[in-house]
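Structure data (compact mmCIF, C-alpha atoms) from structure_36.txt:
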```txt
# COMPACT_ATOMS: atom_id res chain seq x y z
CA MET A 1 -43.17 -11.11 -35.55
CA ILE A 2 -43.67 -13.43 -32.58
CA LYS A 3 -40.64 -11.94 -30.88
CA LYS A 4 -41.92 -8.46 -31.53
CA TYR A 5 -45.25 -9.16 -29.92
CA PHE A 6 -43.47 -10.87 -27.06
CA PHE A 7 -41.43 -7.81 -26.22
CA GLN A 8 -44.40 -5.54 -26.61
CA LEU A 9 -46.37 -7.76 -24.28
CA ILE A 10 -43.62 -7.55 -21.66
CA PHE A 11 -43.60 -3.80 -21.77
CA LEU A 12 -47.37 -3.59 -21.80
CA ASN A 13 -47.69 -5.76 -18.76
CA LEU A 14 -44.83 -4.07 -17.01
CA PHE A 15 -45.85 -0.46 -17.35
CA PHE A 16 -49.51 -0.38 -18.42
CA ILE A 17 -48.73 2.02 -21.19
CA LYS A 18 -50.98 0.68 -23.89
CA GLU A 19 -51.49 4.05 -25.47
CA VAL A 20 -47.76 4.75 -25.72
CA PHE A 21 -47.22 1.66 -27.77
CA ALA A 22 -50.50 1.82 -29.56
CA ALA A 23 -49.56 5.17 -30.99
CA GLU A 24 -47.05 3.67 -33.34
CA SER A 25 -46.53 0.15 -34.44
CA GLY A 26 -42.88 0.50 -35.31
CA GLY A 27 -41.80 -2.50 -33.32
CA MET A 28 -38.12 -3.09 -32.63
CA PRO A 29 -35.71 -1.36 -34.99
CA GLN A 30 -33.09 -3.85 -33.77
CA LEU A 31 -34.76 -6.61 -35.73
CA ASN A 32 -34.80 -4.67 -38.97
CA PRO A 33 -31.97 -6.19 -41.03
CA GLU A 34 -31.58 -3.17 -43.28
CA PHE A 35 -28.39 -1.93 -41.62
CA TRP A 36 -27.08 -5.18 -40.16
CA ILE A 37 -24.28 -5.53 -42.66
CA SER A 38 -23.30 -1.93 -42.17
CA GLN A 39 -23.24 -2.36 -38.40
CA ILE A 40 -21.16 -5.54 -38.65
CA PHE A 41 -18.73 -3.82 -41.00
CA TRP A 42 -18.30 -0.72 -38.89
CA LEU A 43 -18.10 -2.71 -35.66
CA THR A 44 -15.33 -4.88 -37.09
CA LEU A 45 -13.52 -1.85 -38.42
CA THR A 46 -13.69 0.35 -35.33
CA PHE A 47 -13.15 -2.45 -32.85
CA GLY A 48 -10.33 -3.85 -34.93
CA ILE A 49 -8.55 -0.51 -35.08
CA LEU A 50 -9.18 0.06 -31.39
CA TYR A 51 -7.78 -3.36 -30.54
CA ILE A 52 -4.70 -2.97 -32.70
CA ILE A 53 -3.80 0.49 -31.39
CA LEU A 54 -4.49 -0.46 -27.78
CA SER A 55 -2.53 -3.70 -27.91
CA LYS A 56 0.40 -2.43 -29.97
CA VAL A 57 0.87 1.11 -28.67
CA ILE A 58 -1.03 2.11 -25.60
CA LEU A 59 -1.23 -0.92 -23.32
CA PRO A 60 2.50 -1.76 -23.49
CA LYS A 61 3.21 1.86 -22.57
CA ILE A 62 0.88 1.75 -19.58
CA SER A 63 2.35 -1.57 -18.53
CA SER A 64 5.91 -0.28 -18.74
CA ASN A 65 4.88 2.89 -16.89
CA LEU A 66 3.44 0.80 -14.09
CA GLU A 67 6.50 -1.44 -13.97
CA LEU A 68 8.83 1.52 -13.94
CA ARG A 69 6.95 3.20 -11.13
CA LYS A 70 6.84 -0.04 -9.16
CA SER A 71 10.57 -0.61 -9.51
CA GLN A 72 11.29 3.02 -8.70
CA ILE A 73 9.19 2.85 -5.56
CA LEU A 74 10.89 -0.39 -4.57
CA GLU A 75 14.28 1.22 -5.13
CA ASN A 76 13.31 4.21 -3.05
CA ILE A 77 12.08 1.97 -0.27
CA GLU A 78 15.33 0.05 -0.40
CA ALA A 79 17.35 3.25 -0.25
CA ALA A 80 15.29 4.50 2.67
CA GLU A 81 15.76 1.19 4.41
CA LYS A 82 19.51 1.37 3.87
CA GLN A 83 19.71 4.90 5.15
CA ARG A 84 17.77 3.94 8.21
CA SER A 85 20.10 1.07 8.99
CA ASP A 86 23.06 3.37 8.38
CA SER A 87 21.73 5.94 10.76
CA GLU A 88 21.07 3.23 13.32
CA THR A 89 24.66 2.03 13.16
CA LYS A 90 25.85 5.62 13.41
CA LEU A 91 23.67 6.11 16.47
CA LYS A 92 25.10 2.98 18.03
CA GLU A 93 28.61 4.17 17.32
CA TYR A 94 27.86 7.51 18.86
CA GLU A 95 26.37 5.89 21.92
CA SER A 96 29.35 3.60 22.35
CA ILE A 97 31.71 6.58 22.03
CA ILE A 98 29.75 8.46 24.64
CA SER A 99 29.75 5.54 27.08
CA LYS A 100 33.44 4.95 26.49
CA SER A 101 34.32 8.55 27.18
CA LYS A 102 32.15 8.52 30.28
CA LEU A 103 34.06 5.49 31.53
CA GLU A 104 37.34 7.18 30.77
CA ALA A 105 36.33 10.31 32.62
CA LYS A 106 35.37 8.21 35.60
CA ASN A 107 38.69 6.40 35.50
CA ILE A 108 40.62 9.64 35.30
CA PHE A 109 38.70 11.03 38.22
CA LYS A 110 39.34 7.90 40.27
CA GLU A 111 43.01 7.84 39.46
CA THR A 112 43.52 11.45 40.35
CA ARG A 113 41.67 11.02 43.57
CA GLU A 114 43.76 8.03 44.54
CA LYS A 115 46.92 9.87 43.66
CA VAL A 116 45.96 12.86 45.72
CA LEU A 117 44.94 10.71 48.65
CA LYS A 118 48.22 8.84 48.48
CA ASP A 119 50.13 12.08 48.34
CA ILE A 120 48.31 13.39 51.34
CA SER A 121 48.86 10.24 53.34
CA THR A 122 52.59 10.08 52.57
CA LYS A 123 53.01 13.70 53.51
CA ARG A 124 51.13 13.14 56.72
CA GLU A 125 53.24 10.11 57.53
CA ASN A 126 56.42 12.04 56.97
CA LEU A 127 55.19 14.81 59.15
CA GLU A 128 54.19 12.39 61.88
CA ASN A 129 57.57 10.69 61.70
CA GLU A 130 59.31 13.99 62.06
CA ILE A 131 57.10 14.94 64.97
CA ASP A 132 57.80 11.59 66.60
CA LYS A 133 61.52 12.09 66.14
CA GLU A 134 61.36 15.53 67.66
CA ILE A 135 59.37 14.22 70.57
CA LYS A 136 61.87 11.43 71.15
CA LYS A 137 64.77 13.87 71.04
CA ALA A 138 63.05 16.10 73.51
CA GLU A 139 62.31 13.14 75.76
CA GLN A 140 65.93 12.04 75.61
CA GLU A 141 67.07 15.49 76.52
CA ILE A 142 64.64 15.57 79.39
CA ASN A 143 65.80 12.16 80.55
CA LEU A 144 69.41 13.29 80.36
CA LEU A 145 68.58 16.35 82.38
CA LYS A 146 66.69 14.27 84.88
CA LYS A 147 69.61 11.90 85.33
CA SER A 148 72.17 14.63 85.76
CA ALA A 149 70.01 16.72 88.05
CA PRO A 150 70.62 14.93 91.42
CA GLU A 151 74.36 15.00 90.92
CA LYS A 152 74.32 18.70 90.19
CA ILE A 153 72.05 19.37 93.09
CA ASN A 154 74.33 17.33 95.35
CA LYS A 155 77.28 19.32 94.14
CA ILE A 156 75.48 22.59 94.77
CA ALA A 157 74.35 21.30 98.14
CA ILE A 158 77.89 20.35 99.07
CA GLU A 159 79.24 23.71 97.96
CA THR A 160 76.55 25.72 99.72
CA SER A 161 76.76 23.65 102.83
CA SER A 162 80.56 24.05 102.91
CA GLU A 163 80.14 27.77 102.41
CA ILE A 164 77.52 27.95 105.14
CA LEU A 165 79.72 25.91 107.50
CA LYS A 166 82.74 28.09 106.72
CA SER A 167 80.86 31.24 107.54
CA LEU A 168 79.31 29.61 110.63
CA ILE A 169 82.40 28.20 112.13
CA GLY A 170 84.94 30.18 110.25
CA ALA A 171 87.12 27.29 109.36
CA ASP A 172 87.38 24.95 106.44
CA VAL A 173 85.58 21.70 106.90
CA ASN A 174 86.73 18.68 105.09
CA SER A 175 84.77 18.64 101.89
CA SER A 176 84.80 14.87 101.57
CA SER A 177 82.97 14.41 104.86
CA ILE A 178 80.33 16.95 103.76
CA SER A 179 79.82 15.20 100.45
CA ALA A 180 79.46 11.88 102.24
CA ILE A 181 76.73 13.33 104.43
CA VAL A 182 74.96 14.96 101.47
CA ASN A 183 75.15 11.81 99.42
CA ASP A 184 73.82 9.82 102.28
CA PHE A 185 71.03 12.33 102.77
CA SER A 186 70.11 12.37 99.12
CA LYS A 187 70.16 8.61 98.95
CA ARG A 188 67.76 8.42 101.84
CA ASN A 189 65.43 11.16 100.82
CA GLY A 190 66.12 11.53 97.06
CA ASN A 191 63.13 9.50 96.06
CA LYS A 192 60.90 12.07 97.65
CA TYR A 193 62.03 14.77 95.19
CA TYR A 194 62.87 12.77 92.06
CA ASP A 195 60.36 10.21 91.11
CA ASN A 196 62.71 7.70 89.57
CA MET B 1 -49.00 11.90 -27.01
CA ALA B 2 -45.65 10.48 -25.97
CA ALA B 3 -43.22 9.46 -28.65
CA ASN B 4 -42.63 5.83 -29.37
CA PRO B 5 -39.90 4.69 -26.96
CA MET B 6 -38.44 2.48 -29.64
CA THR B 7 -37.62 5.26 -32.12
CA GLN B 8 -34.42 5.96 -30.19
CA PHE B 9 -33.06 2.65 -31.45
CA GLU B 10 -33.61 3.44 -35.09
CA VAL B 11 -30.58 3.35 -37.32
CA TYR B 12 -30.38 5.87 -40.13
CA ARG B 13 -27.86 6.67 -42.76
CA ILE B 14 -25.49 9.60 -42.32
CA GLY B 15 -24.08 10.82 -45.57
CA PRO B 16 -24.14 8.96 -48.85
CA GLU B 17 -24.99 5.35 -49.39
CA ILE B 18 -21.87 3.18 -49.61
CA LYS B 19 -22.12 -0.20 -51.24
CA ILE B 20 -19.63 -3.00 -51.67
CA GLY B 21 -21.14 -5.47 -54.03
CA ALA B 22 -24.58 -6.25 -52.74
CA PHE B 23 -23.76 -5.13 -49.22
CA ASP B 24 -24.79 -1.77 -47.87
CA ILE B 25 -22.07 -0.52 -45.56
CA SER B 26 -23.25 3.07 -45.31
CA PHE B 27 -22.07 5.21 -42.44
CA THR B 28 -24.94 5.36 -39.95
CA ASN B 29 -25.57 6.88 -36.54
CA ALA B 30 -24.55 3.51 -35.07
CA SER B 31 -21.23 3.68 -36.90
CA LEU B 32 -20.82 7.26 -35.70
CA PHE B 33 -21.09 6.25 -32.06
CA MET B 34 -18.79 3.29 -32.57
CA VAL B 35 -16.22 5.71 -33.97
CA ILE B 36 -16.83 8.22 -31.18
CA SER B 37 -16.46 5.56 -28.48
CA SER B 38 -13.28 4.16 -30.00
CA LEU B 39 -11.82 7.62 -30.44
CA ALA B 40 -12.68 8.56 -26.87
CA ILE B 41 -10.97 5.42 -25.57
CA LEU B 42 -7.91 6.02 -27.71
CA ILE B 43 -7.65 9.69 -26.74
CA ILE B 44 -8.10 9.09 -23.02
CA PHE B 45 -5.67 6.18 -22.87
CA ASN B 46 -3.18 7.90 -25.12
CA ILE B 47 -3.07 10.92 -22.83
CA GLY B 48 -3.02 8.59 -19.84
CA SER B 49 0.05 6.74 -21.06
CA LYS B 50 1.96 9.56 -22.71
CA LYS B 51 4.31 10.58 -19.95
CA ASN B 52 5.17 8.65 -16.86
CA SER B 53 5.39 10.86 -13.83
CA MET B 54 5.99 9.49 -10.36
CA LEU B 55 2.86 11.28 -9.23
CA PRO B 56 0.27 10.35 -11.91
CA SER B 57 -2.10 12.94 -13.29
CA LYS B 58 -5.83 12.29 -13.11
CA ILE B 59 -6.10 10.85 -16.60
CA GLN B 60 -2.99 8.78 -16.10
CA LEU B 61 -4.42 7.48 -12.86
CA LEU B 62 -7.66 6.62 -14.66
CA ALA B 63 -5.81 4.73 -17.37
CA GLU B 64 -3.63 2.87 -14.91
CA LEU B 65 -6.53 2.04 -12.62
CA SER B 66 -8.52 0.56 -15.50
CA TYR B 67 -5.43 -1.34 -16.60
CA THR B 68 -4.94 -2.89 -13.17
CA PHE B 69 -8.69 -3.45 -12.80
CA VAL B 70 -8.95 -5.46 -16.00
CA SER B 71 -5.68 -7.28 -15.44
CA LYS B 72 -6.78 -8.29 -11.94
CA MET B 73 -10.14 -9.41 -13.29
CA ILE B 74 -8.43 -11.62 -15.87
CA SER B 75 -5.89 -13.11 -13.49
CA ASP B 76 -8.62 -13.80 -10.91
CA THR B 77 -10.94 -15.63 -13.29
CA ALA B 78 -8.70 -17.13 -15.96
CA GLY B 79 -5.31 -17.35 -14.28
CA SER B 80 -1.89 -16.38 -15.59
CA LYS B 81 -2.35 -18.33 -18.85
CA ALA B 82 -4.81 -15.71 -20.07
CA LYS B 83 -2.18 -12.98 -20.15
CA PRO B 84 -1.78 -13.00 -23.97
CA TYR B 85 -5.49 -12.20 -24.31
CA PHE B 86 -5.31 -9.25 -21.96
CA SER B 87 -5.38 -6.57 -24.63
CA PHE B 88 -8.37 -8.15 -26.36
CA ILE B 89 -10.41 -8.33 -23.17
CA PHE B 90 -9.29 -4.84 -22.21
CA SER B 91 -10.42 -3.45 -25.58
CA LEU B 92 -13.66 -5.38 -25.36
CA PHE B 93 -14.44 -4.14 -21.86
CA MET B 94 -13.56 -0.55 -22.74
CA PHE B 95 -15.50 -0.63 -26.01
CA VAL B 96 -18.66 -1.99 -24.42
CA LEU B 97 -18.30 0.32 -21.42
CA PHE B 98 -17.83 3.42 -23.56
CA CYS B 99 -20.67 2.50 -25.92
CA ASN B 100 -22.96 1.96 -22.92
CA MET B 101 -21.85 5.19 -21.28
CA PHE B 102 -22.17 7.28 -24.44
CA GLY B 103 -25.68 5.89 -24.72
CA MET B 104 -26.51 7.49 -21.40
CA ILE B 105 -26.07 10.98 -22.82
CA PRO B 106 -29.46 12.29 -24.02
CA TYR B 107 -30.08 12.23 -27.81
CA THR B 108 -27.25 9.78 -28.39
CA PHE B 109 -27.42 6.34 -29.88
CA THR B 110 -26.59 3.25 -27.85
CA VAL B 111 -24.55 0.93 -30.03
CA THR B 112 -24.83 -2.00 -27.63
CA SER B 113 -28.63 -1.86 -27.62
CA HIS B 114 -28.56 -3.60 -31.00
CA ILE B 115 -28.67 -7.37 -31.01
CA ILE B 116 -26.59 -7.59 -34.15
CA VAL B 117 -23.68 -5.70 -32.57
CA THR B 118 -23.63 -7.70 -29.37
CA PHE B 119 -24.18 -10.91 -31.27
CA VAL B 120 -21.20 -10.26 -33.54
CA LEU B 121 -19.02 -9.54 -30.51
CA ALA B 122 -20.31 -12.60 -28.68
CA SER B 123 -19.94 -14.95 -31.64
CA PHE B 124 -16.43 -13.65 -32.24
CA ILE B 125 -15.61 -14.46 -28.62
CA PHE B 126 -17.31 -17.85 -28.94
CA ILE B 127 -15.42 -18.79 -32.09
CA GLY B 128 -12.16 -17.48 -30.69
CA VAL B 129 -12.52 -19.35 -27.42
CA THR B 130 -13.43 -22.57 -29.23
CA VAL B 131 -10.43 -22.25 -31.55
CA ILE B 132 -8.11 -21.55 -28.59
CA GLY B 133 -9.54 -24.57 -26.78
CA PHE B 134 -8.92 -26.90 -29.73
CA ILE B 135 -5.42 -25.51 -30.29
CA LYS B 136 -4.46 -25.95 -26.63
CA HIS B 137 -6.01 -29.36 -26.02
CA GLY B 138 -6.69 -30.85 -29.44
CA PHE B 139 -9.68 -33.14 -29.38
CA GLY B 140 -9.25 -33.37 -25.63
CA TYR B 141 -11.18 -30.13 -25.54
CA LEU B 142 -14.30 -32.22 -26.12
CA LYS B 143 -13.84 -33.48 -22.55
CA LEU B 144 -15.43 -30.18 -21.59
CA PHE B 145 -18.76 -31.78 -22.45
CA VAL B 146 -18.11 -34.84 -20.29
CA PRO B 147 -18.02 -33.84 -16.64
CA SER B 148 -16.23 -36.28 -14.38
CA GLY B 149 -18.03 -38.12 -11.62
CA VAL B 150 -21.32 -38.45 -13.48
CA PRO B 151 -23.10 -41.84 -13.46
CA ILE B 152 -22.78 -43.61 -16.79
CA VAL B 153 -26.55 -43.79 -17.18
CA LEU B 154 -26.91 -40.01 -17.04
CA LEU B 155 -23.91 -39.35 -19.25
CA PRO B 156 -25.73 -39.08 -22.63
CA LEU B 157 -28.21 -36.63 -21.17
CA ILE B 158 -25.51 -34.56 -19.45
CA VAL B 159 -23.42 -34.41 -22.63
CA VAL B 160 -26.37 -33.17 -24.62
CA ILE B 161 -27.13 -30.52 -21.98
CA GLU B 162 -23.49 -29.46 -21.88
CA ILE B 163 -23.32 -29.13 -25.65
CA ILE B 164 -26.52 -27.09 -25.75
CA SER B 165 -25.31 -24.83 -22.95
CA TYR B 166 -21.98 -24.40 -24.72
CA LEU B 167 -23.62 -23.54 -28.02
CA SER B 168 -26.01 -21.12 -26.38
CA ARG B 169 -23.17 -19.11 -24.92
CA PRO B 170 -23.02 -16.51 -27.72
CA ILE B 171 -26.78 -16.09 -27.58
CA SER B 172 -26.93 -15.65 -23.81
CA LEU B 173 -23.92 -13.36 -23.85
CA SER B 174 -25.30 -11.13 -26.61
CA VAL B 175 -28.93 -11.11 -25.49
CA ARG B 176 -27.94 -10.24 -21.90
CA LEU B 177 -26.16 -7.06 -22.96
CA PHE B 178 -28.61 -6.09 -25.67
CA ALA B 179 -31.73 -6.67 -23.58
CA ASN B 180 -30.34 -4.83 -20.59
CA MET B 181 -29.43 -1.80 -22.62
CA MET B 182 -32.63 -1.77 -24.61
CA ALA B 183 -34.89 -2.29 -21.60
CA GLY B 184 -33.15 0.42 -19.60
CA HIS B 185 -33.33 2.97 -22.38
CA THR B 186 -36.92 2.11 -23.19
CA MET B 187 -37.90 2.46 -19.57
CA MET B 188 -36.25 5.85 -19.33
CA LYS B 189 -37.96 6.98 -22.48
CA VAL B 190 -41.31 5.75 -21.21
CA PHE B 191 -40.93 7.64 -17.95
CA GLY B 192 -39.82 10.68 -19.89
CA GLY B 193 -43.02 10.35 -21.96
CA PHE B 194 -45.05 10.19 -18.74
CA VAL B 195 -43.51 13.47 -17.59
CA ILE B 196 -44.79 15.12 -20.76
CA SER B 197 -48.22 13.50 -20.77
CA LEU B 198 -48.91 14.13 -17.08
CA GLY B 199 -47.75 17.72 -17.37
CA ILE B 200 -46.81 20.21 -14.68
CA VAL B 201 -49.23 18.75 -12.13
CA GLY B 202 -48.49 15.06 -12.08
CA GLY B 203 -45.23 14.95 -14.00
CA TRP B 204 -43.03 15.29 -10.96
CA LEU B 205 -43.36 11.68 -9.88
CA PRO B 206 -42.22 10.15 -13.20
CA LEU B 207 -39.55 12.85 -13.36
CA SER B 208 -38.09 11.77 -10.01
CA PHE B 209 -38.31 8.17 -11.21
CA SER B 210 -36.51 9.17 -14.35
CA VAL B 211 -33.71 10.77 -12.33
CA ALA B 212 -33.37 7.66 -10.19
CA LEU B 213 -33.45 5.47 -13.29
CA THR B 214 -30.63 7.47 -14.85
CA GLY B 215 -28.44 6.60 -11.88
CA LEU B 216 -29.50 2.97 -12.10
CA GLU B 217 -28.84 2.87 -15.83
CA ILE B 218 -25.33 4.25 -15.38
CA LEU B 219 -24.73 1.46 -12.90
CA VAL B 220 -26.21 -1.07 -15.34
CA ALA B 221 -24.06 0.32 -18.15
CA PHE B 222 -20.93 -0.33 -16.12
CA LEU B 223 -22.16 -3.62 -14.73
CA GLN B 224 -23.10 -5.05 -18.13
CA ALA B 225 -19.72 -4.15 -19.58
CA TYR B 226 -18.12 -5.84 -16.58
CA VAL B 227 -20.33 -8.91 -16.91
CA PHE B 228 -19.59 -9.13 -20.62
CA ALA B 229 -15.85 -9.00 -19.96
CA ILE B 230 -15.89 -11.36 -17.02
CA LEU B 231 -17.98 -13.95 -18.88
CA THR B 232 -15.44 -13.76 -21.69
CA CYS B 233 -12.76 -14.43 -19.08
CA ILE B 234 -14.71 -17.40 -17.76
CA TYR B 235 -15.14 -18.88 -21.23
CA LEU B 236 -11.44 -18.31 -21.84
CA ASN B 237 -10.69 -20.03 -18.56
CA ASP B 238 -12.63 -23.09 -19.74
CA ALA B 239 -10.59 -23.16 -22.92
CA LEU B 240 -7.22 -22.60 -21.25
CA ASN B 241 -7.50 -24.62 -18.06
CA LEU B 242 -9.49 -27.71 -18.90
CA HIS B 243 -10.43 -29.26 -15.58
CA HIS B 244 -13.90 -30.60 -15.49
```
Starting from the file, lay out its structure as structure tokens.
Amino acid sequence: MIKKYFFQLIFLNLFFIKEVFAAESGGMPQLNPEFWISQIFWLTLTFGILYIILSKVILPKISSNLELRKSQILENIEAAEKQRSDSETKLKEYESIISKSKLEAKNIFKETREKVLKDISTKRENLENEIDKEIKKAEQEINLLKKSAPEKINKIAIETSSEILKSLIGADVNSSSISAIVNDFSKRNGNKYYDN
Amino acid sequence: MAANPMTQFEVYRIGPEIKIGAFDISFTNASLFMVISSLAILIIFNIGSKKNSMLPSKIQLLAELSYTFVSKMISDTAGSKAKPYFSFIFSLFMFVLFCNMFGMIPYTFTVTSHIIVTFVLASFIFIGVTVIGFIKHGFGYLKLFVPSGVPIVLLPLIVVIEIISYLSRPISLSVRLFANMMAGHTMMKVFGGFVISLGIVGGWLPLSFSVALTGLEILVAFLQAYVFAILTCIYLNDALNLHH
């Protein structure tokens, strides 16, 4: 009874609803022990059944579901990780192949260039050698001609002079004396005509 | 005149009177809502755990979220030793939560607004925790009442206070839930009565209050279930990890 009045007092003071409470004096049905045993019985029964089914059937299932999903996700992450590393190594391989082939191409280009240059230079050398040889031959010939020229000229001079003398005086002149004169003449004045 | 706000807590018999010996265990409206709450929990969690898809359905997500919520709550407050008691605390939390929530539907009965129900739950927890404590630590469990680092002069007083606070645990636990539920529902009923008595002219203010209170009461319904479960975890923690 004291408790009842206590609660009523709280509500009265809290909400100023005297008339609401004054209408009926039922008090708190919670404190009426009529159905206490029934409530205890049904609480034990329902909560007991709930607990048994939850703990034996449902919660283990949820737990295993969660575990399974967790492990599956972990597996998937691992697989993804592995694939990523695989693709990275593949990429590296590809890059190394590319750089290698680039280097090779460069080398081939260099080699061919060197070869071609060498070829050209040897051919040019050969050609120059040949030209040099030809020039030397020609020079030799020229020199030979140069050397033999005064003698020939002297001979022609002797012959012409003897001819001229013959027709002038009408008698043969001793050819040896003519040649001596011509030789002497050419020795004195030869340098003027042949610069050697 | 407004109806008595306390009539909503009245228990009445549904169906015939059932008696075992001298005890009346008739099926009442309270029993009905206990059964409804339990069935709702079982149905929801059964659907939620039936098939395991990588992408959970909404109900499955709900079940799994509540599972992880309760399991995190237990491991945070009572540590890994409390794992065997997970299903009990889970059932307790769900039962109280569903009873509270079903009480929020108009014209329903709130099971947890009855002191006898909450007291039975609380005393079961109290007895269970005490038994677990004595099994785990033997008579060393009594060290719970002797905090370390207390001056010897104060010790008798402290021990008495500790024992009283320990023994009052079931009362505080049960009265907290019962009083919260009862006060909330009474308040809503009272404001509902005001809407009627003030009529079309002045009834709008209590009506808006009533709407706001409904939101608050749903929050309280969840919060009280949570508090009930977490206090159980704390008591269990005392029994399992004795470090005073």
Practice item. For CA of Lys56 in chain A and CA of Phe69 in chain B, quote the distance in Å rounded to one decimal. Key: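 Spanning CA of Lys56 in chain A to CA of Phe69 in chain B is a straight-line distance of 19.5 Å.
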**Study point:** Separation of CA of Ile14 in chain B from CA of Thr44 in chain A, in Å and rounded to one decimal
**Key:** 18.4 Å
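Note that the spacing between CA of Asn100 in chain B and CA of Cys233 in chain B amounts to 19.7 Å.
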Residues of chain B within 8 Å of chain A, counting only C-alpha atoms, as an mmCIF file with C-alpha atoms, in the frame of the given file:
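The result, written out as part_4.cif:
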```
data_model
loop_
_atom_site.group_PDB
_atom_site.id
_atom_site.type_symbol
_atom_site.label_atom_id
_atom_site.label_comp_id
_atom_site.auth_asym_id
_atom_site.auth_seq_id
_atom_site.Cartn_x
_atom_site.Cartn_y
_atom_site.Cartn_z
ATOM 1 C CA MET B 1 -49.000 11.900 -27.010
ATOM 2 C CA ALA B 2 -45.650 10.480 -25.970
ATOM 3 C CA ALA B 3 -43.220 9.460 -28.650
ATOM 4 C CA ASN B 4 -42.630 5.830 -29.370
ATOM 5 C CA PRO B 5 -39.900 4.690 -26.960
ATOM 6 C CA MET B 6 -38.440 2.480 -29.640
ATOM 7 C CA THR B 7 -37.620 5.260 -32.120
ATOM 8 C CA PHE B 9 -33.060 2.650 -31.450
ATOM 9 C CA GLU B 10 -33.610 3.440 -35.090
ATOM 10 C CA VAL B 11 -30.580 3.350 -37.320
ATOM 11 C CA PHE B 23 -23.760 -5.130 -49.220
ATOM 12 C CA ASP B 24 -24.790 -1.770 -47.870
ATOM 13 C CA ILE B 25 -22.070 -0.520 -45.560
ATOM 14 C CA SER B 26 -23.250 3.070 -45.310
ATOM 15 C CA PHE B 27 -22.070 5.210 -42.440
ATOM 16 C CA THR B 28 -24.940 5.360 -39.950
ATOM 17 C CA ALA B 30 -24.550 3.510 -35.070
ATOM 18 C CA SER B 31 -21.230 3.680 -36.900
ATOM 19 C CA MET B 34 -18.790 3.290 -32.570
ATOM 20 C CA VAL B 35 -16.220 5.710 -33.970
ATOM 21 C CA SER B 38 -13.280 4.160 -30.000
ATOM 22 C CA LEU B 42 -7.910 6.020 -27.710
ATOM 23 C CA PHE B 45 -5.670 6.180 -22.870
ATOM 24 C CA ASN B 46 -3.180 7.900 -25.120
ATOM 25 C CA GLY B 48 -3.020 8.590 -19.840
ATOM 26 C CA SER B 49 0.050 6.740 -21.060
ATOM 27 C CA LYS B 50 1.960 9.560 -22.710
ATOM 28 C CA ASN B 52 5.170 8.650 -16.860
ATOM 29 C CA MET B 54 5.990 9.490 -10.360
ATOM 30 C CA ALA B 63 -5.810 4.730 -17.370
ATOM 31 C CA GLU B 64 -3.630 2.870 -14.910
ATOM 32 C CA TYR B 67 -5.430 -1.340 -16.600
ATOM 33 C CA SER B 87 -5.380 -6.570 -24.630
ATOM 34 C CA PHE B 88 -8.370 -8.150 -26.360
ATOM 35 C CA SER B 91 -10.420 -3.450 -25.580
ATOM 36 C CA PHE B 95 -15.500 -0.630 -26.010
ATOM 37 C CA SER B 113 -28.630 -1.860 -27.620
ATOM 38 C CA HIS B 114 -28.560 -3.600 -31.000
ATOM 39 C CA ILE B 115 -28.670 -7.370 -31.010
ATOM 40 C CA ILE B 116 -26.590 -7.590 -34.150
ATOM 41 C CA VAL B 117 -23.680 -5.700 -32.570
ATOM 42 C CA VAL B 120 -21.200 -10.260 -33.540
ATOM 43 C CA VAL B 190 -41.310 5.750 -21.210
#
```
Env of Leu242 in chain B: 12 Å cut, atoms = all atoms listed in the file, seq-sep filter 3 positions within chain, self excluded. Answer as a PDB file with C-alpha atoms, in the coordinates of the input.
```pdb
ATOM      1  CA  ALA B  78      -8.700 -17.130 -15.960  1.00  0.00           C
ATOM      2  CA  LYS B  81      -2.350 -18.330 -18.850  1.00  0.00           C
ATOM      3  CA  ILE B 132      -8.110 -21.550 -28.590  1.00  0.00           C
ATOM      4  CA  GLY B 133      -9.540 -24.570 -26.780  1.00  0.00           C
ATOM      5  CA  PHE B 134      -8.920 -26.900 -29.730  1.00  0.00           C
ATOM      6  CA  LYS B 136      -4.460 -25.950 -26.630  1.00  0.00           C
ATOM      7  CA  HIS B 137      -6.010 -29.360 -26.020  1.00  0.00           C
ATOM      8  CA  GLY B 138      -6.690 -30.850 -29.440  1.00  0.00           C
ATOM      9  CA  PHE B 139      -9.680 -33.140 -29.380  1.00  0.00           C
ATOM     10  CA  GLY B 140      -9.250 -33.370 -25.630  1.00  0.00           C
ATOM     11  CA  TYR B 141     -11.180 -30.130 -25.540  1.00  0.00           C
ATOM     12  CA  LEU B 142     -14.300 -32.220 -26.120  1.00  0.00           C
ATOM     13  CA  LYS B 143     -13.840 -33.480 -22.550  1.00  0.00           C
ATOM     14  CA  LEU B 144     -15.430 -30.180 -21.590  1.00  0.00           C
ATOM     15  CA  PHE B 145     -18.760 -31.780 -22.450  1.00  0.00           C
ATOM     16  CA  VAL B 146     -18.110 -34.840 -20.290  1.00  0.00           C
ATOM     17  CA  PRO B 147     -18.020 -33.840 -16.640  1.00  0.00           C
ATOM     18  CA  SER B 148     -16.230 -36.280 -14.380  1.00  0.00           C
ATOM     19  CA  ILE B 234     -14.710 -17.400 -17.760  1.00  0.00           C
ATOM     20  CA  TYR B 235     -15.140 -18.880 -21.230  1.00  0.00           C
ATOM     21  CA  LEU B 236     -11.440 -18.310 -21.840  1.00  0.00           C
ATOM     22  CA  ASN B 237     -10.690 -20.030 -18.560  1.00  0.00           C
ATOM     23  CA  ASP B 238     -12.630 -23.090 -19.740  1.00  0.00           C
ATOM     24  CA  ALA B 239     -10.590 -23.160 -22.920  1.00  0.00           C
TER      25      ALA B 239
END
```
